[in-house]
Structures are given as structure tokens and as C-alpha cells.
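Structure data (mmCIF, C-alpha atoms) from my_file26.cif:
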data_entry
loop_
_atom_site.label_atom_id
_atom_site.label_comp_id
_atom_site.auth_asym_id
_atom_site.auth_seq_id
_atom_site.Cartn_x
_atom_site.Cartn_y
_atom_site.Cartn_z
CA MET J 1 -5.13 26.57 2.60
CA PHE J 2 -7.89 26.82 0.08
CA PHE J 3 -6.67 30.02 -1.48
CA PHE J 4 -2.91 29.61 -1.42
CA MET J 5 -2.22 26.20 -2.97
CA PRO J 6 -0.83 26.59 -6.49
CA GLU J 7 -1.98 24.53 -9.44
CA THR J 8 0.59 21.87 -10.28
CA ARG J 9 -1.11 20.11 -13.17
CA PHE J 10 0.74 20.46 -16.47
CA LEU J 11 -1.02 19.93 -19.78
CA GLY J 12 1.15 19.96 -22.82
CA ALA J 13 3.91 18.16 -24.65
CA ARG J 14 6.35 16.64 -22.22
CA PRO J 15 9.99 15.95 -23.09
CA VAL J 16 10.53 12.51 -24.57
CA VAL J 17 12.09 9.99 -22.18
CA SER J 18 14.57 7.76 -23.98
CA GLN J 19 13.76 4.07 -23.66
CA VAL J 20 16.41 2.52 -21.48
CA SER J 21 17.22 -1.05 -22.43
CA ILE J 22 16.61 -3.40 -19.55
CA SER J 23 19.99 -4.61 -18.35
CA HIS J 24 20.36 -8.20 -17.30
CA ALA J 25 22.12 -9.35 -14.16
CA ALA J 26 25.63 -10.52 -14.81
CA ALA J 27 25.17 -14.00 -13.38
CA GLU J 28 22.28 -15.68 -15.18
CA GLN J 29 20.85 -19.10 -14.57
CA PRO J 30 20.22 -21.07 -17.77
CA GLN J 31 16.56 -21.63 -16.96
CA ASP J 32 15.95 -17.90 -16.55
CA LYS J 33 16.82 -17.35 -20.15
CA GLU J 34 13.31 -17.53 -21.51
CA GLN J 35 12.10 -15.23 -18.76
CA ASP J 36 14.73 -12.69 -19.73
CA GLU J 37 13.62 -12.93 -23.32
CA MET J 38 10.10 -12.17 -22.23
CA VAL J 39 11.41 -9.11 -20.38
CA GLU J 40 13.24 -7.91 -23.46
CA ASP J 41 10.16 -8.13 -25.65
CA VAL J 42 8.02 -6.08 -23.31
CA GLU J 43 8.67 -2.39 -23.66
CA ARG J 44 8.93 -0.25 -20.60
CA PRO J 45 5.59 1.37 -19.80
CA LYS J 46 5.40 5.09 -20.28
CA PRO J 47 4.58 7.18 -17.23
CA TYR J 48 0.89 7.76 -16.83
CA THR J 49 -0.16 11.20 -17.94
CA GLN J 50 -3.85 11.89 -17.80
CA GLY J 51 -5.20 12.06 -21.31
CA HIS J 52 -1.91 12.82 -22.98
CA LEU J 53 -0.49 9.40 -23.52
CA SER J 54 0.69 10.09 -27.02
CA SER J 55 2.50 13.22 -26.00
CA GLN J 56 5.77 12.08 -27.44
CA ASN J 57 4.14 12.00 -30.87
CA ALA J 58 2.70 15.49 -30.46
CA PRO J 59 4.44 18.17 -32.50
CA THR J 60 6.74 20.22 -30.37
CA HIS J 61 5.16 23.54 -31.09
CA GLU J 62 5.59 26.67 -29.02
CA GLU J 63 7.07 26.31 -25.57
CA LYS J 64 4.53 27.11 -22.92
CA ALA J 65 5.40 30.29 -21.08
CA LYS J 66 5.96 29.74 -17.38
CA ARG J 67 2.94 30.94 -15.45
CA SER J 68 3.37 33.41 -12.68
CA PHE J 69 2.68 32.34 -9.13
CA ALA J 70 -0.38 34.57 -8.95
CA ARG J 71 -1.80 32.94 -12.08
CA ASN J 72 -1.26 29.54 -10.48
CA LEU J 73 -3.45 30.53 -7.56
CA ALA J 74 -6.50 31.20 -9.76
CA LEU J 75 -9.70 29.81 -8.34
CA TRP J 76 -10.75 27.88 -11.45
CA GLU J 77 -9.07 26.53 -14.56
CA LYS J 78 -10.00 25.33 -18.00
CA PRO J 79 -10.98 21.68 -17.72
CA ASP J 80 -8.90 18.92 -19.25
CA ARG J 81 -10.93 17.86 -22.27
CA ASP J 82 -9.12 14.56 -22.76
CA ALA J 83 -9.75 13.16 -19.31
CA SER J 84 -12.64 10.77 -19.39
CA LEU J 85 -14.43 10.44 -16.08
CA LEU J 86 -15.85 7.06 -16.99
CA LYS J 87 -12.43 5.63 -17.70
CA ASP J 88 -11.06 6.98 -14.46
CA PHE J 89 -13.98 5.44 -12.65
CA LEU J 90 -13.56 2.01 -14.21
CA ARG J 91 -9.80 1.82 -14.00
CA PRO J 92 -9.54 0.67 -10.34
CA PHE J 93 -11.80 -2.32 -10.97
CA VAL J 94 -9.53 -3.55 -13.73
CA LEU J 95 -6.48 -2.89 -11.55
CA LEU J 96 -7.91 -5.33 -9.02
CA THR J 97 -7.09 -8.18 -11.40
CA TYR J 98 -3.38 -7.62 -10.90
CA PRO J 99 -2.06 -10.03 -8.26
CA THR J 100 0.29 -7.43 -6.80
CA VAL J 101 -2.52 -4.91 -6.29
CA LEU J 102 -4.72 -7.62 -4.84
CA TRP J 103 -2.04 -8.65 -2.36
CA ASN J 104 -1.59 -4.99 -1.44
CA CYS J 105 -5.31 -4.68 -0.76
CA PHE J 106 -5.39 -7.63 1.59
CA ILE J 107 -2.31 -6.73 3.60
CA TYR J 108 -3.30 -3.07 3.79
CA GLY J 109 -6.83 -3.96 4.84
CA ALA J 110 -5.64 -6.44 7.45
CA SER J 111 -3.13 -3.99 8.87
CA LEU J 112 -5.51 -1.06 9.04
CA GLY J 113 -8.19 -3.39 10.33
CA TRP J 114 -6.26 -3.56 13.58
CA ASN J 115 -6.84 0.15 14.09
CA VAL J 116 -10.53 -0.42 13.59
CA ILE J 117 -10.58 -3.35 15.97
CA LEU J 118 -8.78 -1.38 18.66
CA GLY J 119 -11.10 1.56 18.26
CA ALA J 120 -14.17 -0.63 18.50
CA THR J 121 -13.15 -2.80 21.44
CA VAL J 122 -11.02 -0.67 23.79
CA ALA J 123 -14.02 0.67 25.67
CA GLN J 124 -15.58 -2.76 25.90
CA LEU J 125 -12.38 -4.34 27.18
CA PHE J 126 -10.84 -1.81 29.50
CA GLU J 127 -13.90 -0.62 31.35
CA PRO J 128 -15.10 -3.75 33.19
CA GLN J 129 -11.79 -5.36 34.01
CA TYR J 130 -9.61 -2.36 34.82
CA GLY J 131 -12.18 0.31 35.58
CA PHE J 132 -10.93 2.83 33.04
CA ASP J 133 -13.11 5.88 32.62
CA SER J 134 -13.33 7.53 29.20
CA GLN J 135 -10.32 9.77 29.82
CA ALA J 136 -8.14 6.79 30.62
CA GLN J 137 -9.47 4.90 27.63
CA GLY J 138 -8.33 7.78 25.46
CA LEU J 139 -4.89 7.54 26.99
CA VAL J 140 -4.73 3.89 26.00
CA PHE J 141 -4.30 5.09 22.43
CA LEU J 142 -0.92 6.57 23.25
CA ALA J 143 0.43 3.04 22.88
CA PRO J 144 -0.57 2.70 19.20
CA PHE J 145 0.86 6.16 18.62
CA VAL J 146 4.30 5.23 19.97
CA GLY J 147 4.09 1.87 18.23
CA SER J 148 3.34 3.51 14.91
CA LEU J 149 6.34 5.78 15.27
CA ALA J 150 8.52 2.76 15.93
CA GLY J 151 6.96 0.98 12.97
CA THR J 152 7.61 3.94 10.71
CA TRP J 153 11.28 3.91 11.63
CA LEU J 154 11.45 0.15 11.16
CA CYS J 155 9.96 0.22 7.69
CA GLY J 156 12.01 3.21 6.65
CA PRO J 157 15.76 2.98 7.16
CA MET J 158 15.79 -0.64 8.24
CA ALA J 159 13.71 -1.86 5.31
CA ASP J 160 15.99 0.07 3.00
CA SER J 161 19.07 -1.59 4.45
CA ILE J 162 17.47 -5.02 4.04
CA ALA J 163 16.62 -4.16 0.45
CA ASN J 164 20.18 -2.95 -0.10
CA TYR J 165 21.51 -6.27 1.18
CA TYR J 166 19.39 -8.21 -1.30
CA THR J 167 20.34 -5.80 -4.05
CA ARG J 168 24.00 -6.51 -3.38
CA LEU J 169 23.29 -10.22 -3.67
CA ASN J 170 21.57 -9.57 -7.00
CA ASP J 171 24.58 -7.78 -8.47
CA GLY J 172 23.20 -4.30 -8.07
CA VAL J 173 19.89 -4.72 -9.86
CA ARG J 174 17.07 -3.63 -7.59
CA GLU J 175 13.75 -5.37 -7.90
CA PRO J 176 10.58 -4.37 -6.08
CA GLU J 177 10.55 -7.82 -4.49
CA MET J 178 13.51 -6.76 -2.38
CA ARG J 179 11.03 -4.93 -0.17
CA LEU J 180 9.13 -8.07 0.70
CA PRO J 181 11.39 -9.81 3.24
CA THR J 182 10.71 -7.02 5.72
CA CYS J 183 7.12 -8.26 5.79
CA ALA J 184 8.38 -11.18 7.84
CA ILE J 185 9.26 -8.73 10.61
CA ALA J 186 5.87 -7.04 10.24
CA ALA J 187 4.06 -10.36 10.52
CA ALA J 188 6.09 -11.39 13.56
CA LEU J 189 5.45 -8.08 15.31
CA THR J 190 1.73 -8.21 14.58
CA PHE J 191 1.35 -11.74 15.85
CA PHE J 192 3.55 -11.23 18.88
CA GLY J 193 1.75 -8.02 19.82
CA ALA J 194 -1.66 -9.63 19.56
CA LEU J 195 -0.44 -12.58 21.62
CA VAL J 196 0.96 -10.40 24.41
CA ALA J 197 -2.17 -8.23 24.53
CA ALA J 198 -4.59 -11.13 24.55
CA LEU J 199 -2.71 -13.27 27.08
CA THR J 200 -2.03 -10.49 29.54
CA TYR J 201 -5.65 -9.41 29.36
CA HIS J 202 -6.94 -12.95 29.77
CA TYR J 203 -4.89 -13.62 32.87
CA ASP J 204 -5.78 -10.25 34.39
CA THR J 205 -2.32 -8.81 34.87
CA HIS J 206 -1.52 -5.14 35.50
CA TRP J 207 -3.01 -2.86 32.82
CA ILE J 208 0.39 -2.15 31.31
CA GLY J 209 0.38 -5.67 29.83
CA PRO J 210 -2.37 -5.29 27.21
CA ILE J 211 -1.28 -1.75 26.44
CA PHE J 212 2.26 -2.88 25.74
CA GLY J 213 0.91 -5.61 23.47
CA ILE J 214 -1.27 -3.11 21.64
CA GLY J 215 1.76 -0.91 21.05
CA ILE J 216 3.76 -3.73 19.47
CA LEU J 217 0.73 -4.69 17.43
CA SER J 218 0.43 -1.18 16.04
CA ALA J 219 4.09 -1.16 15.03
CA GLY J 220 3.58 -4.34 13.03
CA ALA J 221 0.37 -3.10 11.45
CA GLN J 222 1.98 0.17 10.43
CA MET J 223 4.87 -1.66 8.80
CA GLY J 224 2.52 -3.94 6.91
CA ALA J 225 0.47 -1.13 5.49
CA THR J 226 3.47 0.94 4.42
CA LEU J 227 5.41 -1.94 2.90
CA SER J 228 2.49 -3.25 0.87
CA MET J 229 1.64 0.16 -0.51
CA SER J 230 5.23 0.93 -1.43
CA TYR J 231 5.58 -2.45 -3.15
CA ALA J 232 2.47 -1.93 -5.26
CA SER J 233 3.56 1.57 -6.22
CA ASP J 234 7.01 0.29 -7.13
CA CYS J 235 5.61 -2.47 -9.29
CA HIS J 236 3.30 -0.33 -11.34
CA THR J 237 5.01 3.00 -11.74
CA ASP J 238 2.85 3.78 -14.77
CA VAL J 239 -0.35 3.93 -12.74
CA SER J 240 1.21 4.58 -9.36
CA LEU J 241 0.38 8.27 -9.48
CA LEU J 242 -3.02 7.22 -8.30
CA PHE J 243 -1.77 5.56 -5.14
CA PRO J 244 -0.23 8.34 -3.06
CA VAL J 245 -3.03 10.78 -3.77
CA GLN J 246 -5.66 8.45 -2.41
CA ALA J 247 -3.41 7.28 0.41
CA GLY J 248 -3.52 10.75 1.85
CA ILE J 249 -7.29 10.84 1.61
CA ASN J 250 -7.86 7.43 3.04
CA CYS J 251 -5.46 7.27 5.93
CA MET R 1 -5.79 3.13 -5.20
CA VAL R 2 -9.54 3.29 -5.19
CA ALA R 3 -9.41 -0.48 -5.32
CA VAL R 4 -7.19 -0.61 -2.24
CA ALA R 5 -9.36 1.87 -0.38
CA SER R 6 -12.57 0.04 -1.18
CA LEU R 7 -11.24 -3.30 -0.01
CA LYS R 8 -9.82 -1.72 3.12
CA SER R 9 -13.17 -0.09 3.88
CA LEU R 10 -14.90 -3.40 3.31
CA ILE R 11 -12.65 -5.13 5.84
CA ALA R 12 -13.12 -2.27 8.31
CA TRP R 13 -16.88 -2.51 7.91
CA ILE R 14 -16.88 -6.23 8.59
CA TRP R 15 -14.75 -5.79 11.69
CA THR R 16 -16.95 -3.09 13.19
CA TRP R 17 -19.99 -5.23 12.59
CA VAL R 18 -18.60 -8.39 14.11
CA MET R 19 -16.05 -7.42 16.72
CA ASN R 20 -18.05 -6.23 19.71
CA ASP R 21 -20.40 -9.19 19.79
CA TRP R 22 -17.56 -11.60 19.27
CA VAL R 23 -15.47 -10.22 22.13
CA ALA R 24 -18.52 -10.20 24.39
CA SER R 25 -19.40 -13.81 23.70
CA GLN R 26 -16.04 -15.54 23.34
CA GLY R 27 -13.62 -13.29 25.16
CA MET R 28 -10.68 -11.26 23.98
CA LEU R 29 -8.22 -14.14 23.73
CA VAL R 30 -10.19 -16.12 21.17
CA ALA R 31 -11.19 -13.08 19.13
CA PHE R 32 -7.77 -11.47 18.95
CA MET R 33 -5.98 -14.72 18.26
CA THR R 34 -8.36 -15.59 15.44
CA VAL R 35 -7.81 -12.22 13.81
CA ALA R 36 -4.05 -12.60 14.30
CA ALA R 37 -4.22 -16.02 12.65
CA ILE R 38 -6.08 -14.53 9.68
CA ASN R 39 -3.31 -11.92 9.45
CA ILE R 40 -0.62 -14.61 9.45
CA VAL R 41 -2.39 -16.45 6.64
CA LEU R 42 -2.52 -13.26 4.57
CA TYR R 43 1.14 -12.54 5.25
CA ALA R 44 1.96 -16.10 4.18
CA THR R 45 0.84 -15.18 0.67
CA THR R 46 3.90 -12.95 0.55
CA ILE R 47 6.15 -15.98 0.10
CA PRO R 48 4.79 -17.07 -3.31
CA LEU R 49 4.74 -13.43 -4.34
CA TYR R 50 8.41 -13.10 -3.46
CA ILE R 51 9.32 -16.20 -5.46
CA TYR R 52 7.14 -15.56 -8.50
CA GLY R 53 6.95 -11.79 -8.32
CA LYS R 54 9.05 -11.02 -11.35
CA ARG R 55 7.20 -13.52 -13.47
CA VAL R 56 3.89 -12.03 -12.38
CA ARG R 57 5.00 -8.55 -13.28
CA VAL R 58 6.28 -9.64 -16.67
CA LEU R 59 2.97 -11.34 -17.40
CA ILE R 60 1.03 -8.27 -16.35
CA HIS R 61 2.95 -6.04 -18.72
CA LYS R 62 2.84 -8.58 -21.48
CA HIS R 63 -0.91 -8.98 -21.46
CA ASP R 64 -1.66 -5.42 -20.33
CA VAL R 65 -5.24 -5.90 -19.23
CA LEU R 66 -5.70 -2.19 -18.81
CA ALA R 67 -5.05 -1.52 -22.48
CA LYS R 68 -7.30 -4.37 -23.54
CA ALA R 69 -10.11 -2.86 -21.54
CA GLY R 70 -9.42 0.40 -23.33
CA LEU R 71 -8.77 2.22 -20.10
CA ARG R 72 -5.20 3.27 -20.51
#
Using C-alpha cells, write down the structure that the file contains.
Amino acid sequence: MFFFMPETRFLGARPVVSQVSISHAAAEQPQDKEQDEMVEDVERPKPYTQGHLSSQNAPTHEEKAKRSFARNLALWEKPDRDASLLKDFLRPFVLLTYPTVLWNCFIYGASLGWNVILGATVAQLFEPQYGFDSQAQGLVFLAPFVGSLAGTWLCGPMADSIANYYTRLNDGVREPEMRLPTCAIAAALTFFGALVAALTYHYDTHWIGPIFGIGILSAGAQMGATLSMSYASDCHTDVSLLFPVQAGINC
Amino acid sequence: MVAVASLKSLIAWIWTWVMNDWVASQGMLVAFMTVAAINIVLYATTIPLYIYGKRVRVLIHKHDVLAKAGLR
């Protein structure tokens, strides 16, 4: 893996993207008029390219020759002189002032916090009351696994169909906020799962009770994390290159 | 994304610190239900974001804090 991943970074003049004028929805309320004027004045942000933000002003000199695959596998490359490490370090702290990113942080943290809580308390909970040895406690985590798979399906095709429904109501203009109603399902699943797990444990039912609750809980948590991250990426496409890279590292 | 990861790690740290003692002293029902209630409160902030989301995004691009901080 270390030796066979090709370099995909491209430094150079990129083709100029024509500025698309923001189209308004056909049916407009009168009081939205000033908001639409604000939207018109703001120009669409250019995609974030590290250190080459004025690339459309750069002279289009010689076309870069396409590098061979073997050249792409080289062990080291010339560094990017325009990338400032200090700016890259400080950028996330400024991004925290955006309400959408802040909301994403809280929902993502709360959802992934359930994984942490389960990991920390399963041994403490299942050993005294049900007599699970460590092998059985490991098998308890099959429930979050199945729940996460269900949650992934729920926040994939089903969230898209909900977003499509709202897009149809909005005359075909898709906003990132169309993703948010699915969070109602995520919240309901999370709460319902926690309720089932806690009540069945408290009243000392068969061990399938808490495990079933934990599975539902994991489905809801998975949905919450995915939906919030996709919403934040959708809102800020100019800096959203940063999100998926770190998501892979931090899962 | 670093911002998201740091806040997530902060929440995870708090949970690992607090959770075992809390479950031992007050039982699973109280602990889990309190955490679920905190989750519901956080999800309830989605409703204002759904209503005012477009206005928030317009304001963000209009003021462009990232460019003012010289970090873009």
C-alpha cells in the first residue's frame, strides 16, 4: 500500500469554471425578495485549491505533460511552496465560527459518543447481571454492527428520496437543508434505542432486550453522524475538501 | 474537519471519564436516559437550522470570515 498509491495532487493552472448565475425558484414570496438580492450580490465561491487560488488569473502557458504511472509512484515530490502550514493549522479554528460547522460538530460528537459509551460500559453492565464472559461481551458488539448497516441504508437511499420530495416541492432547486428532515428519524431511532436498552436492562429481562436496544441506538447514531457531515460538506463546498480526508482518519 | 474531529474527541474524552462511575452509582437507566435527553436537545437545534439555514449560509458567504482572517 505504501509503494503503490499514485500521487493525485495537481499543481498548475486549472481550467476556468464559468460563473453560473444563481437561478431563483419560480414561485417567490414577496418577503424573500431582499434575501434573493443578497444571494445575487454574493459571488459563488471558487473551489478550494491549496495555494493556487488565483489560478484563473495565471497565464495559460505550456500544458503540463501527463505523467506516467511510474513517475506518479515516486517516493518523494517537490514540495508545494505556496502552501502555508500556519494557515492550514489556523483554518479549522476560524471554521468553528460557522453555525453549520458548529452544528455538525455537536451532532457528530453526540452520535459517535454513543460508540464510546457502549465501549466503556458494556463490560460493566453485562457481566454482573447476565454473567457474560469476555467472549460474550465481544459478541454483544454484533448488534451495533448490524444497526450501523441498517443506519447506512437508511441515510443513503431513503434520505435521498426524502430530499428529492422536498426538492420537488421547491420547484427543482435543491438546497442542502433538504437533508435535514431525515435527522428527525435519526433522533427518534437514537432515543427509542436508548429507551429500549435502558428499560429492558433495568427490569432484568432476557439479554436480547438490551442488545436489541443497542442495535437500534447504533442505527440512529450512524445516521446522525453521516447526515451532519454530509450537510456541512454540502454547505461549504469551497472548503469541503478538508472534510472527507479527515473523516477517513477519524472514524 | 479538524474542528469536527477535535470537538468529537473532546466529547468522547468526557464520556470515558464520567460514564463508568455514573453507571455504577446511579444505574444504567438514569445514565442512558440523561445522555439520550442531551442528544434530543442537540437534535432540536436542527429545527432552527432548517428554517434559517439559507439565511445563515448567505450571511457566511457575505461576511466571509475566512478571508478576513487572511486564511483563504
May I have the residues within 6 Å of Val4 of chain R as an MDAnalysis selection string, using only C-alpha atoms and disregarding those fewer than 3 positions away in the same chain?
(chainID J and resid 105) or (chainID R and resid 1 7)
Specify as a PyMOL selection string all residues of chain J found within 8 Å of chain R, counting only C-alpha atoms.
chain J and resi 35+38-39+42+45+87-88+90-96+98-113+116-117+120-121+124-125+177+180+183-184+187+190-191+194-195+198-199+201-202+235+242-244+246-247+250
Could you jot down the atom CA of Phe132 of chain J to atom CA of Phe145 of chain J separation for me, Å, one decimal place?
18.9 Å
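Pairwise distance (atom CA of Ile162 of chain J, atom CA of Asn115 of chain J) equals 26.8 Å.
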Expand the PyMOL selection byres ((chain J and resi 206-221) around 7) into the explicit residue set it covers here, and present it as a list in words.
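For this structure, the PyMOL selection byres ((chain J and resi 206-221) around 7) resolves to Ser111, Leu112, Trp114, Tyr130, Val140, Ala143, Pro144, Val146, Gly147, Ser148, Ala150, Gly151, Ala186, Ala187, Leu189, Thr190, Gly193, Ala194, Val196, Ala197, Ala198, Thr200, Tyr201, Asp204, Thr205, Gln222, Met223, Gly224 and Ala225 of chain J.
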How many Å lie between atom CA of Thr152 of chain J and atom CA of Gly138 of chain J, rounded to one decimal?
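Distance between the two atoms: 22.1 Å.
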Name the residues within 8 Å of (13.6, 1.0, -8.1), counting all atoms listed in the file in the file's coordinates, and put them as JSON, numbers by chain.
{"J": [174, 175, 176, 234]}
Residues within 12 Å of Phe2 of chain J, please, as a list in words. Count all atoms listed in the file; anything in the same chain fewer than 3 positions from it doesn't count.
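Close residues of Phe2 of chain J: Met5, Pro6, Glu7, Leu73, Ala74, Leu75 and Trp76 of chain J.
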